[in-house]
Amino acid sequence: MQAAGGLDFRQAPPFFVPLRFFLTAPVFLFLAGLLLFTPGAASWQRWSPAILAAVHLVTLGFLAMVMMGAFLQLLAVVAGAPVARPRLLAGLVYGPLTLGTLSLAGGFWLSDRWLFYPALTLLAAALATFALAAAASLRGAARNATVFAMAAAIFALAVTLALGLALGATRAGWLELANFVALVDLHATWGLLGWVFVLVAGVAYQVVPMFQLTPAYPRRLTRYLVPLFMVGLLDLPWAQEARSAWPGDAVALFLAACLLVFALATLYLQHRRRRRVADVTLDYWRVGMACLVGAALLGPSGAQRFPALLGILFLYGFAVSVVSGMLYKILPFLAWFHLQSHTQAPAGTIPNMKSFLPEVRARRQFAVHVATLGLLLLSTLPGGPWRYAAAAGVCLSALRLTANLWGVWRLFRAQGGRSG
């Protein structure tokens, strides 16, 4: 089945391959919300055990879980290079990623170095297996801007994993790193900018015009943005090691400018969309792009002066918003597509895409998400009950997201769909 935008779903993996990742991810977001209730999260200090645990629950448990599930789908329908034996690969990645993330979060929260042993082993197995399988598939993929961004994101994931293993080994007492703090910053940079942003940008080249009915991204942007951004990421540590602070600041400003260009271009394309119909996915992306603009404008100085504000804008405001919006579009579409392709239901009896996830349910969760974002931003101010309200908001938003996604799966099953 060839879809608009050049996506070919004939090689799509079985529904259960991405489904297990999508349905599990919001649980980790809920756990991160619970940690924000604890006294250790009160000051938003980056070295707080509760904050470290919550951040990794969001990045590994929510973002990586969804992005890996979507990646397995994209390899087939965008790159035309499905992974061999997708059920086996999903099983090899899903279990270790789930248990490894829980172990890592527990190790941070409890300050228990023994929990880092299974965490490092499981996460190394999951992420390395995924990266190697994805890289092998991409070798035979069609060449376009999205495929290049996917390959760059896999490279960034490998760098993030290597740095994370070194840092985790230090936490476990296996290594001693003299430049520990600098490596933490580098680990976060490659994970958030290299893996998360680059993959989102590459996917956006396809899904924003296709699902949001916008004009295509400018050709120069899709051709040059990610390559130049990756050059900047590769140059950043060397520039920061220079004797003068100027090279490092210049590269960091360049990376911030790339974020700003992508966000503004996306907002402009959304403004020019062909059909002015309310769409919660579009609203999620608008919130995400607005937060990315805010994070870019804070720039390098924001990391030093307002680290909590910058982290909330990028991690929750941009990344969680955009990934949630993609879930609300991709999962109903996959459920509808697999029913169309793999059941014997008479024509006209299969529900349309909007029936799988009614707009009113998604819109209620979106309202909670936006309110939670505001509360998280307020919680960076001293005093007030904002942190507890924000923690409750994260939990409620995650529960509503979970209910909505499971509702898609229940309707799929009720219509005779088989996820395996």
# chains A, B, ... in the order shown; residues from 1 in each chain; ligands from 1

$ residues_around --residues "Thr214 (chain A)" --least-positions-apart "2" --cutoff "12 Å" --atoms "only C-alpha atoms" --output "ChimeraX atom specification"
/A:5,204-212,216-218,265-276,282

$ residues_around --residues "Ala392 (chain A)" --least-positions-apart "5" --cutoff "10 Å" --atoms "only C-alpha atoms" --output "PyMOL selection string"
chain A and resi 30+33-34+36-37+372+375+386-387+397-398

$ write_last_selection --atoms "N, CA and C atoms" --output "PDB file, in the first residue's frame"
ATOM      1  N   PHE A  30       4.833   8.181  33.602  1.00  0.00           N
ATOM      2  CA  PHE A  30       4.116   8.193  34.877  1.00  0.00           C
ATOM      3  C   PHE A  30       5.096   8.011  36.043  1.00  0.00           C
ATOM      4  N   GLY A  33       6.894  11.129  36.763  1.00  0.00           N
ATOM      5  CA  GLY A  33       6.049  12.055  37.510  1.00  0.00           C
ATOM      6  C   GLY A  33       6.017  11.738  38.992  1.00  0.00           C
ATOM      7  N   LEU A  34       5.965  10.447  39.325  1.00  0.00           N
ATOM      8  CA  LEU A  34       5.980  10.064  40.742  1.00  0.00           C
ATOM      9  C   LEU A  34       7.261  10.537  41.434  1.00  0.00           C
ATOM     10  N   LEU A  36       8.911  13.148  40.876  1.00  0.00           N
ATOM     11  CA  LEU A  36       8.894  14.590  41.122  1.00  0.00           C
ATOM     12  C   LEU A  36       8.199  14.935  42.435  1.00  0.00           C
ATOM     13  N   PHE A  37       7.453  14.008  43.011  1.00  0.00           N
ATOM     14  CA  PHE A  37       6.855  14.227  44.332  1.00  0.00           C
ATOM     15  C   PHE A  37       7.880  14.121  45.455  1.00  0.00           C
ATOM     16  N   THR A 372       0.381  20.989  32.383  1.00  0.00           N
ATOM     17  CA  THR A 372       1.536  20.423  33.087  1.00  0.00           C
ATOM     18  C   THR A 372       2.819  21.118  32.678  1.00  0.00           C
ATOM     19  N   LEU A 375       3.028  24.300  34.535  1.00  0.00           N
ATOM     20  CA  LEU A 375       3.351  24.055  35.945  1.00  0.00           C
ATOM     21  C   LEU A 375       4.824  23.664  36.119  1.00  0.00           C
ATOM     22  N   TRP A 386       4.185  24.603  43.125  1.00  0.00           N
ATOM     23  CA  TRP A 386       4.161  24.261  41.703  1.00  0.00           C
ATOM     24  C   TRP A 386       4.721  22.879  41.408  1.00  0.00           C
ATOM     25  N   ARG A 387       5.755  22.467  42.141  1.00  0.00           N
ATOM     26  CA  ARG A 387       6.368  21.174  41.843  1.00  0.00           C
ATOM     27  C   ARG A 387       5.385  20.036  42.059  1.00  0.00           C
ATOM     28  N   SER A 397      -1.335  13.215  32.943  1.00  0.00           N
ATOM     29  CA  SER A 397      -1.153  13.232  31.492  1.00  0.00           C
ATOM     30  C   SER A 397      -0.715  11.869  30.979  1.00  0.00           C
ATOM     31  N   ALA A 398       0.212  11.233  31.701  1.00  0.00           N
ATOM     32  CA  ALA A 398       0.686   9.907  31.296  1.00  0.00           C
ATOM     33  C   ALA A 398      -0.433   8.874  31.365  1.00  0.00           C
TER      34      ALA A 398
END

$ residues_around --residues "Leu378 (chain A)" --least-positions-apart "2" --cutoff "12 Å" --atoms "only C-alpha atoms" --output "VMD selection string"
chain A and resid 44 308 to 309 312 to 313 371 to 376 380 to 391

$ write_last_selection --atoms "C-alpha atoms" --output "PDB file, in the first residue's frame"
ATOM      1  CA  TRP A  44      15.803  20.801  40.357  1.00  0.00           C
ATOM      2  CA  ALA A 308      16.227  23.490  34.740  1.00  0.00           C
ATOM      3  CA  LEU A 309      14.258  25.874  32.519  1.00  0.00           C
ATOM      4  CA  ILE A 312      12.066  21.423  30.736  1.00  0.00           C
ATOM      5  CA  LEU A 313      11.635  23.397  27.514  1.00  0.00           C
ATOM      6  CA  ALA A 371      -1.175  22.744  31.775  1.00  0.00           C
ATOM      7  CA  THR A 372       1.536  20.423  33.087  1.00  0.00           C
ATOM      8  CA  LEU A 373       4.138  22.133  30.929  1.00  0.00           C
ATOM      9  CA  GLY A 374       3.166  25.469  32.425  1.00  0.00           C
ATOM     10  CA  LEU A 375       3.351  24.055  35.945  1.00  0.00           C
ATOM     11  CA  LEU A 376       6.774  22.541  35.266  1.00  0.00           C
ATOM     12  CA  THR A 380      11.630  26.301  38.523  1.00  0.00           C
ATOM     13  CA  LEU A 381      10.757  29.438  40.527  1.00  0.00           C
ATOM     14  CA  PRO A 382      11.546  29.373  44.253  1.00  0.00           C
ATOM     15  CA  GLY A 383       8.656  28.687  46.622  1.00  0.00           C
ATOM     16  CA  GLY A 384       5.074  27.765  45.919  1.00  0.00           C
ATOM     17  CA  PRO A 385       3.339  24.421  45.426  1.00  0.00           C
ATOM     18  CA  TRP A 386       4.161  24.261  41.703  1.00  0.00           C
ATOM     19  CA  ARG A 387       6.368  21.174  41.843  1.00  0.00           C
ATOM     20  CA  TYR A 388       3.665  19.014  43.415  1.00  0.00           C
ATOM     21  CA  ALA A 389       1.060  20.285  40.957  1.00  0.00           C
ATOM     22  CA  ALA A 390       3.486  19.641  38.083  1.00  0.00           C
ATOM     23  CA  ALA A 391       4.197  16.119  39.342  1.00  0.00           C
TER      24      ALA A 391
END

$ residues_around --residues "region 110-113 of chain A" --least-positions-apart "2" --cutoff "8 Å" --atoms "only C-alpha atoms" --output "PyMOL selection string"
chain A and resi 49+106-108+115-117+171-173

$ select_by_dssp --residues "region 221-403 of chain A" --states "alpha helix (DSSP H)" --output "VMD selection string"
chain A and resid 221 to 241 246 to 271 280 to 305 307 to 311 321 to 342 353 to 356 359 to 378 386 to 403

$ residues_around --residues "Pro358 (chain A)" --least-positions-apart "4" --cutoff "12 Å" --atoms "only C-alpha atoms" --output "VMD selection string"
chain A and resid 279 to 280 328 to 329 332 351 to 354 362 to 365 404 to 405 407 to 408 411

$ residues_around --residues "Phe21 (chain A)" --least-positions-apart "5" --cutoff "7 Å" --atoms "only C-alpha atoms" --output "PyMOL selection string"
chain A and resi 65-66+69

$ write_last_selection --atoms "N, CA and C atoms" --output "PDB file, in the first residue's frame"
ATOM      1  N   MET A  65      11.870   4.588  23.867  1.00  0.00           N
ATOM      2  CA  MET A  65      10.934   3.485  23.646  1.00  0.00           C
ATOM      3  C   MET A  65      10.051   3.773  22.429  1.00  0.00           C
ATOM      4  N   VAL A  66       9.490   4.978  22.361  1.00  0.00           N
ATOM      5  CA  VAL A  66       8.640   5.329  21.224  1.00  0.00           C
ATOM      6  C   VAL A  66       9.469   5.442  19.949  1.00  0.00           C
ATOM      7  N   GLY A  69      10.457   2.049  18.513  1.00  0.00           N
ATOM      8  CA  GLY A  69       9.320   1.405  17.879  1.00  0.00           C
ATOM      9  C   GLY A  69       8.987   2.035  16.536  1.00  0.00           C
TER      10      GLY A  69
END
